[in-house]
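Engineer: Have a look at this one before I ask anything.
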Amino acid sequence: MSTLTRVADLHPIDGDAAVCTGPAWQWLPGLTRGHRAVRWGSAVVLTTYADCRAALSDKRFGNGLRAEIGAMQDIDPQFVARRRQSLLLEEGERHTRLRRLAIPALRPRNFDRFRPAMIQVVDELVDRVQERGRCDAVVDICNPLPISVICWVLGIPREEAAFFAEVAEASTAVFSGDPSTVPAAMAATEKIDSYIEDLIERRRSDPGSDLITDLLAATESEDRNVSNTDVMTVITSLIVGGTDTTRNQLAIALHCFAERPDDWERLGKEPELVPNAVEEVVRYAPTAYTMKRVTNEDVDLDGLWLPRGTPVMVMSTLANRDPGAFTDPERFDIGREFRHPHMGFGWGLRSCVGSVLARAELSEALTVLSRRLTGLALDGETLWSRPDTIQGPVILPLRFDAA
């Protein structure tokens, strides 16, 4: 019988602010290299593709974000209960049921009709900056794009984009674990719930050519007992999860390409490479670089003993650079042939429900941007957000050939 490796036996890493400067994929591999798993504070960090895939597939690993929010002090219990209904935090049978109800409406072909709108939004954003030959990509392109697209997809007037951007940002801020973000997140949750509930009622009586109508049709054909709360949970999860992550991932993509002008020029000349380039960006530098889990019972993870209640960090950014799963994983290669799927959108029952929309947005954005913003380069220092659950540039100054 092999000897079990216990948490106390693991190599500890120092993850203080001085070390965690800049994007996680730059400093994290250096802290964990040579170790299958390490200790980071009270949490166990999984570093291999096999272990990360196993943890995301195993029902004995619960949602760590759900546990963190529940443990925060002085929070309205109704807020905790509402947040836990999100697909980002839901567990067990209800999570499986909601995903089953949502998937028919979230298939790739359902989003193809929105691609012209995505192209239009990107073109409009480029029109505003191209003559200047420089911009802050976060402010001018990445932030406004996904929320504008969400408005198209849900059949919401585009003048409502600012409202949705505000509430989505406030809602996702709570996932940092900072108690000071809770009041704004509570107010944002109430606003978005009220708006979407009213929108659902309007779509029930007056269907349109939008995702809410598709979702209502799909869920009603599958389950006649679908409630407004179920539909609202799926929609709000898509809004909250599909805006912050997409804008950060696009900014990361632009940063990667600004550092690699030859790849950017190649992408503009060979747009058929764009879908693969999206996968490579998400593999190489995922915005959701870690997924927090907690063991619901004692777990023997192939010889790694994790007692019940152990916080676990499933590091997608490390799994995506495992040489056992990816050839020459430290190299950024938009022509890469994938032997295994990356984990930038999660895995299995915990994969991102909005990944189809995110892939479509990123593909159309990179197609337009690589064609129109030639000569892309960094135009100053990139400022990165603090690495919480997701990460990305806060300021991304770029220059390009002026029109």
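In the structure tokens, each chain is lettered A, B, ... as it comes, each chain's residues begin at 1, and ligands are numbered from 1 in order of appearance.
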Identify, with DSSP run on backbone atoms, the residues in range 111-296 of chain A assigned to alpha helix (DSSP H), and express the list as a PyMOL selection string.

Structural biologist: chain A and resi 111+115-129+137+144-154+161-173+182-205+211-222+228-258+261-269+274-284

Engineer: Would you mind exporting C-alpha atoms of the selected residues as a tab-separated table (two decimals), in the first residue's frame?

Structural biologist:
chain	number	residue	atom	x	y	z
A	111	PHE	CA	-25.58	32.34	-31.20
A	115	ARG	CA	-22.53	37.33	-34.84
A	116	PRO	CA	-23.39	40.24	-37.19
A	117	ALA	CA	-24.36	42.28	-34.13
A	118	MET	CA	-21.06	41.38	-32.45
A	119	ILE	CA	-19.16	42.54	-35.54
A	120	GLN	CA	-21.16	45.77	-35.62
A	121	VAL	CA	-20.37	46.52	-31.98
A	122	VAL	CA	-16.63	45.93	-32.47
A	123	ASP	CA	-16.58	48.04	-35.64
A	124	GLU	CA	-18.29	50.90	-33.82
A	125	LEU	CA	-15.75	50.74	-30.99
A	126	VAL	CA	-12.84	50.73	-33.43
A	127	ASP	CA	-14.32	53.70	-35.33
A	128	ARG	CA	-14.03	55.79	-32.17
A	129	VAL	CA	-10.29	55.20	-31.68
A	137	ALA	CA	-8.11	49.06	-24.75
A	144	PRO	CA	-18.11	48.10	-23.50
A	145	LEU	CA	-18.06	45.08	-25.84
A	146	PRO	CA	-19.56	42.19	-23.81
A	147	ILE	CA	-22.29	44.20	-22.15
A	148	SER	CA	-23.37	45.64	-25.52
A	149	VAL	CA	-23.48	42.11	-26.93
A	150	ILE	CA	-25.48	40.87	-23.94
A	151	CYS	CA	-28.06	43.54	-24.68
A	152	TRP	CA	-28.34	42.30	-28.28
A	153	VAL	CA	-28.56	38.67	-27.16
A	154	LEU	CA	-31.25	39.30	-24.56
A	161	ALA	CA	-25.83	48.79	-21.38
A	162	ALA	CA	-24.45	51.17	-18.73
A	163	PHE	CA	-26.96	49.84	-16.18
A	164	PHE	CA	-25.97	46.22	-16.83
A	165	ALA	CA	-22.25	47.04	-16.75
A	166	GLU	CA	-22.69	48.64	-13.33
A	167	VAL	CA	-24.67	45.82	-11.76
A	168	ALA	CA	-22.52	43.07	-13.31
A	169	GLU	CA	-19.32	44.62	-11.93
A	170	ALA	CA	-20.84	45.06	-8.47
A	171	SER	CA	-22.18	41.50	-8.49
A	172	THR	CA	-18.85	39.90	-9.40
A	173	ALA	CA	-16.81	42.03	-6.97
A	182	VAL	CA	-21.22	43.16	-0.13
A	183	PRO	CA	-23.54	46.22	0.15
A	184	ALA	CA	-23.03	47.15	-3.51
A	185	ALA	CA	-23.43	43.51	-4.53
A	186	MET	CA	-26.69	43.25	-2.58
A	187	ALA	CA	-28.10	46.36	-4.25
A	188	ALA	CA	-26.95	45.15	-7.69
A	189	THR	CA	-28.58	41.76	-7.17
A	190	GLU	CA	-31.91	43.35	-6.32
A	191	LYS	CA	-31.74	45.63	-9.38
A	192	ILE	CA	-30.87	42.93	-11.85
A	193	ASP	CA	-33.37	40.45	-10.40
A	194	SER	CA	-36.19	42.96	-10.70
A	195	TYR	CA	-35.26	43.94	-14.26
A	196	ILE	CA	-34.88	40.37	-15.53
A	197	GLU	CA	-38.07	39.15	-13.83
A	198	ASP	CA	-40.04	41.88	-15.61
A	199	LEU	CA	-38.30	41.03	-18.90
A	200	ILE	CA	-39.20	37.34	-18.57
A	201	GLU	CA	-42.87	38.17	-18.06
A	202	ARG	CA	-42.83	40.36	-21.16
A	203	ARG	CA	-41.19	37.60	-23.25
A	204	ARG	CA	-43.75	35.04	-22.10
A	205	SER	CA	-46.55	37.16	-23.56
A	211	LEU	CA	-32.01	34.25	-25.95
A	212	ILE	CA	-34.68	34.74	-23.29
A	213	THR	CA	-37.36	33.58	-25.73
A	214	ASP	CA	-35.15	30.62	-26.70
A	215	LEU	CA	-34.55	29.76	-23.06
A	216	LEU	CA	-38.25	29.92	-22.19
A	217	ALA	CA	-39.13	27.70	-25.14
A	218	ALA	CA	-36.39	25.19	-24.35
A	219	THR	CA	-37.15	24.96	-20.65
A	220	GLU	CA	-40.91	24.71	-21.11
A	221	SER	CA	-40.49	21.86	-23.59
A	222	GLU	CA	-38.28	20.03	-21.11
A	228	ASN	CA	-39.39	32.33	-13.21
A	229	THR	CA	-36.68	31.94	-10.56
A	230	ASP	CA	-35.08	29.08	-12.54
A	231	VAL	CA	-35.08	31.07	-15.78
A	232	MET	CA	-33.90	34.21	-13.99
A	233	THR	CA	-31.02	32.26	-12.39
A	234	VAL	CA	-29.74	31.12	-15.77
A	235	ILE	CA	-30.04	34.58	-17.34
A	236	THR	CA	-28.42	36.49	-14.48
A	237	SER	CA	-25.63	33.91	-14.32
A	238	LEU	CA	-25.00	34.50	-18.02
A	239	ILE	CA	-24.98	38.28	-17.55
A	240	VAL	CA	-22.72	38.26	-14.49
A	241	GLY	CA	-20.43	35.45	-15.64
A	242	GLY	CA	-20.36	36.48	-19.29
A	243	THR	CA	-19.40	40.12	-18.95
A	244	ASP	CA	-16.55	40.38	-16.45
A	245	THR	CA	-14.77	37.28	-17.71
A	246	THR	CA	-15.13	38.13	-21.41
A	247	ARG	CA	-13.90	41.70	-21.08
A	248	ASN	CA	-10.90	40.54	-19.08
A	249	GLN	CA	-10.11	37.69	-21.47
A	250	LEU	CA	-10.25	40.01	-24.49
A	251	ALA	CA	-7.91	42.48	-22.77
A	252	ILE	CA	-5.53	39.62	-21.98
A	253	ALA	CA	-5.66	38.53	-25.62
A	254	LEU	CA	-4.79	42.03	-26.84
A	255	HIS	CA	-1.91	42.22	-24.36
A	256	CYS	CA	-0.56	38.87	-25.57
A	257	PHE	CA	-0.74	39.92	-29.22
A	258	ALA	CA	0.70	43.39	-28.58
A	261	PRO	CA	3.35	41.60	-33.46
A	262	ASP	CA	4.17	38.79	-35.90
A	263	ASP	CA	1.30	36.68	-34.54
A	264	TRP	CA	-1.05	39.68	-34.76
A	265	GLU	CA	-0.11	40.32	-38.36
A	266	ARG	CA	-0.55	36.63	-39.16
A	267	LEU	CA	-4.00	36.63	-37.53
A	268	GLY	CA	-5.09	39.58	-39.67
A	269	LYS	CA	-3.99	37.83	-42.84
A	274	VAL	CA	-8.97	33.00	-35.08
A	275	PRO	CA	-11.00	30.20	-33.41
A	276	ASN	CA	-7.81	28.30	-32.59
A	277	ALA	CA	-6.15	31.52	-31.44
A	278	VAL	CA	-9.01	32.05	-28.97
A	279	GLU	CA	-8.41	28.59	-27.51
A	280	GLU	CA	-4.67	29.28	-27.25
A	281	VAL	CA	-5.21	32.61	-25.47
A	282	VAL	CA	-7.54	30.99	-22.94
A	283	ARG	CA	-5.09	28.13	-22.44
A	284	TYR	CA	-1.99	30.28	-22.15

Engineer: Measuring atom to atom with only C-alpha atoms, identify which of A:Val368, A:Cys135, A:Ala105, A:Val312 is nearest to Gly41 in chain A.

Structural biologist: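 Selected residue with least distance to Gly41 in chain A: A:Val312.
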
Engineer: Grab the CA of Ala377 in chain A to CA of Ala402 in chain A distance for me, in Å with one decimal place.

Structural biologist: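 CA of Ala402 in chain A lies 12.5 Å from CA of Ala377 in chain A.
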
Engineer: In terms of the shortest atom-to-atom distance over only C-alpha atoms, which of A:Asp51, A:Asp206, A:Asp136, A:Asp9 is closest to Val314 in chain A?

Structural biologist: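 Counting only C-alpha atoms, the residue closest to Val314 in chain A is A:Asp51.
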
Engineer: Residues near Phe400 in chain A, anyone? I mean within 10 Å using only C-alpha atoms, not counting same-chain ones fewer than 4 positions away, as a ChimeraX atom specification.

Structural biologist: /A:129-135,258,372-379

Engineer: Got time to write the residues from that selection, N, CA, C and O atoms, as an mmCIF file, in the first residue's frame?

Structural biologist:
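Here's the written file selection18.cif:
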data_model
loop_
_atom_site.group_PDB
_atom_site.id
_atom_site.type_symbol
_atom_site.label_atom_id
_atom_site.label_comp_id
_atom_site.auth_asym_id
_atom_site.auth_seq_id
_atom_site.Cartn_x
_atom_site.Cartn_y
_atom_site.Cartn_z
ATOM 1 N N VAL A 129 -11.689 55.054 -32.105
ATOM 2 C CA VAL A 129 -10.291 55.198 -31.682
ATOM 3 C C VAL A 129 -9.290 55.120 -32.828
ATOM 4 O O VAL A 129 -8.144 55.546 -32.672
ATOM 5 N N GLN A 130 -9.719 54.606 -33.991
ATOM 6 C CA GLN A 130 -8.735 54.301 -35.027
ATOM 7 C C GLN A 130 -8.016 55.537 -35.542
ATOM 8 O O GLN A 130 -6.818 55.507 -35.833
ATOM 9 N N GLU A 131 -8.721 56.633 -35.624
ATOM 10 C CA GLU A 131 -8.100 57.856 -36.146
ATOM 11 C C GLU A 131 -7.013 58.373 -35.213
ATOM 12 O O GLU A 131 -6.035 58.982 -35.655
ATOM 13 N N ARG A 132 -7.169 58.114 -33.897
ATOM 14 C CA ARG A 132 -6.171 58.571 -32.921
ATOM 15 C C ARG A 132 -4.898 57.746 -32.983
ATOM 16 O O ARG A 132 -3.817 58.232 -32.644
ATOM 17 N N GLY A 133 -5.021 56.471 -33.341
ATOM 18 C CA GLY A 133 -3.853 55.601 -33.393
ATOM 19 C C GLY A 133 -3.398 55.111 -32.039
ATOM 20 O O GLY A 133 -2.336 54.498 -31.911
ATOM 21 N N ARG A 134 -4.191 55.336 -31.017
ATOM 22 C CA ARG A 134 -3.860 54.825 -29.679
ATOM 23 C C ARG A 134 -5.132 54.820 -28.841
ATOM 24 O O ARG A 134 -6.110 55.537 -29.127
ATOM 25 N N CYS A 135 -5.137 53.995 -27.790
ATOM 26 C CA CYS A 135 -6.299 53.930 -26.887
ATOM 27 C C CYS A 135 -5.922 53.175 -25.639
ATOM 28 O O CYS A 135 -4.874 52.523 -25.564
ATOM 29 N N ALA A 258 -0.120 42.176 -28.501
ATOM 30 C CA ALA A 258 0.696 43.388 -28.575
ATOM 31 C C ALA A 258 2.163 43.077 -28.300
ATOM 32 O O ALA A 258 3.056 43.777 -28.791
ATOM 33 N N ARG A 372 -8.312 45.519 -38.562
ATOM 34 C CA ARG A 372 -8.378 46.982 -38.586
ATOM 35 C C ARG A 372 -7.274 47.659 -37.770
ATOM 36 O O ARG A 372 -6.846 48.762 -38.130
ATOM 37 N N LEU A 373 -6.844 47.070 -36.681
ATOM 38 C CA LEU A 373 -5.824 47.706 -35.841
ATOM 39 C C LEU A 373 -4.462 47.107 -36.173
ATOM 40 O O LEU A 373 -3.876 46.343 -35.398
ATOM 41 N N THR A 374 -3.949 47.436 -37.332
ATOM 42 C CA THR A 374 -2.641 46.932 -37.738
ATOM 43 C C THR A 374 -1.530 47.661 -36.984
ATOM 44 O O THR A 374 -1.722 48.764 -36.480
ATOM 45 N N GLY A 375 -0.381 46.999 -36.905
ATOM 46 C CA GLY A 375 0.748 47.610 -36.206
ATOM 47 C C GLY A 375 0.535 47.690 -34.701
ATOM 48 O O GLY A 375 1.061 48.595 -34.044
ATOM 49 N N LEU A 376 -0.200 46.759 -34.129
ATOM 50 C CA LEU A 376 -0.531 46.787 -32.700
ATOM 51 C C LEU A 376 0.726 46.657 -31.840
ATOM 52 O O LEU A 376 1.596 45.832 -32.111
ATOM 53 N N ALA A 377 0.809 47.492 -30.802
ATOM 54 C CA ALA A 377 1.939 47.442 -29.873
ATOM 55 C C ALA A 377 1.524 48.056 -28.545
ATOM 56 O O ALA A 377 0.563 48.847 -28.476
ATOM 57 N N LEU A 378 2.237 47.699 -27.495
ATOM 58 C CA LEU A 378 2.002 48.317 -26.192
ATOM 59 C C LEU A 378 2.451 49.769 -26.244
ATOM 60 O O LEU A 378 3.467 50.103 -26.863
ATOM 61 N N ASP A 379 1.713 50.643 -25.556
ATOM 62 C CA ASP A 379 1.981 52.078 -25.596
ATOM 63 C C ASP A 379 2.239 52.626 -24.198
ATOM 64 O O ASP A 379 1.992 53.788 -23.911
#

Engineer: List every residue of range 255-364 of chain A that DSSP, applied to the backbone of this structure, assigns to strand (DSSP E or B), and report them as an MDAnalysis selection string.

Structural biologist: chainID A and resid 290:295 299:301 304:306 311:315

Engineer: Skip His340 in chain A itself and residues of its chain fewer than 3 positions away, then list as a PDB file with N, CA, C and O atoms, in the first residue's frame all residues within 12 Å of it, counting only C-alpha atoms.

Structural biologist:
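Produced file out_9.pdb, reproduced below:
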ATOM      1  N   TYR A  49      -2.527  18.732 -14.649  1.00  0.00           N
ATOM      2  CA  TYR A  49      -3.737  18.595 -15.462  1.00  0.00           C
ATOM      3  C   TYR A  49      -4.626  17.478 -14.926  1.00  0.00           C
ATOM      4  O   TYR A  49      -5.847  17.647 -14.794  1.00  0.00           O
ATOM      5  N   ALA A  50      -4.026  16.347 -14.596  1.00  0.00           N
ATOM      6  CA  ALA A  50      -4.802  15.185 -14.143  1.00  0.00           C
ATOM      7  C   ALA A  50      -5.528  15.481 -12.837  1.00  0.00           C
ATOM      8  O   ALA A  50      -6.712  15.158 -12.676  1.00  0.00           O
ATOM      9  N   ARG A  53      -8.352  18.164 -13.369  1.00  0.00           N
ATOM     10  CA  ARG A  53      -9.496  17.556 -14.058  1.00  0.00           C
ATOM     11  C   ARG A  53     -10.275  16.649 -13.104  1.00  0.00           C
ATOM     12  O   ARG A  53     -11.511  16.667 -13.078  1.00  0.00           O
ATOM     13  N   GLU A 279      -8.688  29.701 -28.425  1.00  0.00           N
ATOM     14  CA  GLU A 279      -8.407  28.592 -27.507  1.00  0.00           C
ATOM     15  C   GLU A 279      -7.004  28.710 -26.922  1.00  0.00           C
ATOM     16  O   GLU A 279      -6.787  28.430 -25.739  1.00  0.00           O
ATOM     17  N   GLU A 280      -6.042  29.156 -27.740  1.00  0.00           N
ATOM     18  CA  GLU A 280      -4.672  29.281 -27.251  1.00  0.00           C
ATOM     19  C   GLU A 280      -4.551  30.405 -26.229  1.00  0.00           C
ATOM     20  O   GLU A 280      -3.839  30.265 -25.221  1.00  0.00           O
ATOM     21  N   ARG A 283      -5.991  29.113 -23.047  1.00  0.00           N
ATOM     22  CA  ARG A 283      -5.091  28.126 -22.444  1.00  0.00           C
ATOM     23  C   ARG A 283      -3.891  28.818 -21.801  1.00  0.00           C
ATOM     24  O   ARG A 283      -3.562  28.582 -20.636  1.00  0.00           O
ATOM     25  N   ALA A 319      -2.645  23.855 -14.834  1.00  0.00           N
ATOM     26  CA  ALA A 319      -3.072  22.676 -15.588  1.00  0.00           C
ATOM     27  C   ALA A 319      -2.861  22.888 -17.082  1.00  0.00           C
ATOM     28  O   ALA A 319      -2.467  21.964 -17.802  1.00  0.00           O
ATOM     29  N   ASN A 320      -3.097  24.105 -17.540  1.00  0.00           N
ATOM     30  CA  ASN A 320      -2.949  24.427 -18.962  1.00  0.00           C
ATOM     31  C   ASN A 320      -1.495  24.494 -19.415  1.00  0.00           C
ATOM     32  O   ASN A 320      -1.226  24.625 -20.610  1.00  0.00           O
ATOM     33  N   ARG A 321      -0.578  24.425 -18.452  1.00  0.00           N
ATOM     34  CA  ARG A 321       0.849  24.450 -18.800  1.00  0.00           C
ATOM     35  C   ARG A 321       1.547  23.166 -18.356  1.00  0.00           C
ATOM     36  O   ARG A 321       2.773  23.135 -18.200  1.00  0.00           O
ATOM     37  N   ASP A 322       0.769  22.134 -18.168  1.00  0.00           N
ATOM     38  CA  ASP A 322       1.314  20.828 -17.788  1.00  0.00           C
ATOM     39  C   ASP A 322       1.903  20.176 -19.046  1.00  0.00           C
ATOM     40  O   ASP A 322       1.182  19.898 -20.000  1.00  0.00           O
ATOM     41  N   PRO A 323       3.221  19.913 -19.057  1.00  0.00           N
ATOM     42  CA  PRO A 323       3.829  19.307 -20.253  1.00  0.00           C
ATOM     43  C   PRO A 323       3.307  17.908 -20.541  1.00  0.00           C
ATOM     44  O   PRO A 323       3.468  17.414 -21.665  1.00  0.00           O
ATOM     45  N   GLY A 324       2.668  17.284 -19.558  1.00  0.00           N
ATOM     46  CA  GLY A 324       2.070  15.980 -19.802  1.00  0.00           C
ATOM     47  C   GLY A 324       0.806  16.063 -20.635  1.00  0.00           C
ATOM     48  O   GLY A 324       0.350  15.060 -21.199  1.00  0.00           O
ATOM     49  N   ALA A 325       0.226  17.262 -20.737  1.00  0.00           N
ATOM     50  CA  ALA A 325      -1.011  17.447 -21.495  1.00  0.00           C
ATOM     51  C   ALA A 325      -0.818  18.313 -22.728  1.00  0.00           C
ATOM     52  O   ALA A 325      -1.588  18.196 -23.693  1.00  0.00           O
ATOM     53  N   PHE A 326       0.195  19.210 -22.707  1.00  0.00           N
ATOM     54  CA  PHE A 326       0.389  20.148 -23.812  1.00  0.00           C
ATOM     55  C   PHE A 326       1.865  20.179 -24.221  1.00  0.00           C
ATOM     56  O   PHE A 326       2.747  20.307 -23.360  1.00  0.00           O
ATOM     57  N   THR A 327       2.106  20.061 -25.511  1.00  0.00           N
ATOM     58  CA  THR A 327       3.463  20.113 -26.031  1.00  0.00           C
ATOM     59  C   THR A 327       4.014  21.534 -25.933  1.00  0.00           C
ATOM     60  O   THR A 327       3.348  22.490 -26.328  1.00  0.00           O
ATOM     61  N   PRO A 329       4.374  23.727 -23.465  1.00  0.00           N
ATOM     62  CA  PRO A 329       3.254  24.534 -22.958  1.00  0.00           C
ATOM     63  C   PRO A 329       3.579  25.985 -22.653  1.00  0.00           C
ATOM     64  O   PRO A 329       2.676  26.813 -22.599  1.00  0.00           O
ATOM     65  N   ARG A 336      -1.434  26.009 -32.559  1.00  0.00           N
ATOM     66  CA  ARG A 336      -1.261  24.807 -31.747  1.00  0.00           C
ATOM     67  C   ARG A 336      -2.299  23.736 -32.079  1.00  0.00           C
ATOM     68  O   ARG A 336      -3.483  24.030 -32.270  1.00  0.00           O
ATOM     69  N   GLU A 337      -1.857  22.481 -32.103  1.00  0.00           N
ATOM     70  CA  GLU A 337      -2.762  21.342 -32.203  1.00  0.00           C
ATOM     71  C   GLU A 337      -3.009  20.814 -30.792  1.00  0.00           C
ATOM     72  O   GLU A 337      -2.082  20.378 -30.120  1.00  0.00           O
ATOM     73  N   MET A 343      -8.412  24.047 -19.699  1.00  0.00           N
ATOM     74  CA  MET A 343      -9.344  24.216 -18.583  1.00  0.00           C
ATOM     75  C   MET A 343      -9.673  25.669 -18.324  1.00  0.00           C
ATOM     76  O   MET A 343     -10.137  26.027 -17.241  1.00  0.00           O
ATOM     77  N   TRP A 347     -14.376  22.665 -16.383  1.00  0.00           N
ATOM     78  CA  TRP A 347     -14.409  21.273 -16.855  1.00  0.00           C
ATOM     79  C   TRP A 347     -15.707  20.614 -16.400  1.00  0.00           C
ATOM     80  O   TRP A 347     -16.177  20.848 -15.290  1.00  0.00           O
TER      81      TRP A 347
END

Engineer: For Leu383 in chain A, which residue out of A:Pro23, A:Cys352, A:Val38, A:Pro271 is the nearest one, using only C-alpha atoms?

Structural biologist: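 Checking each candidate against Leu383 in chain A, we get A:Pro23 as the closest.
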
Engineer: Can you measure CA of Ile103 in chain A to CA of Gly348 in chain A for me? One decimal in Å is fine.

Structural biologist: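 A separation of 13.0 Å between them.
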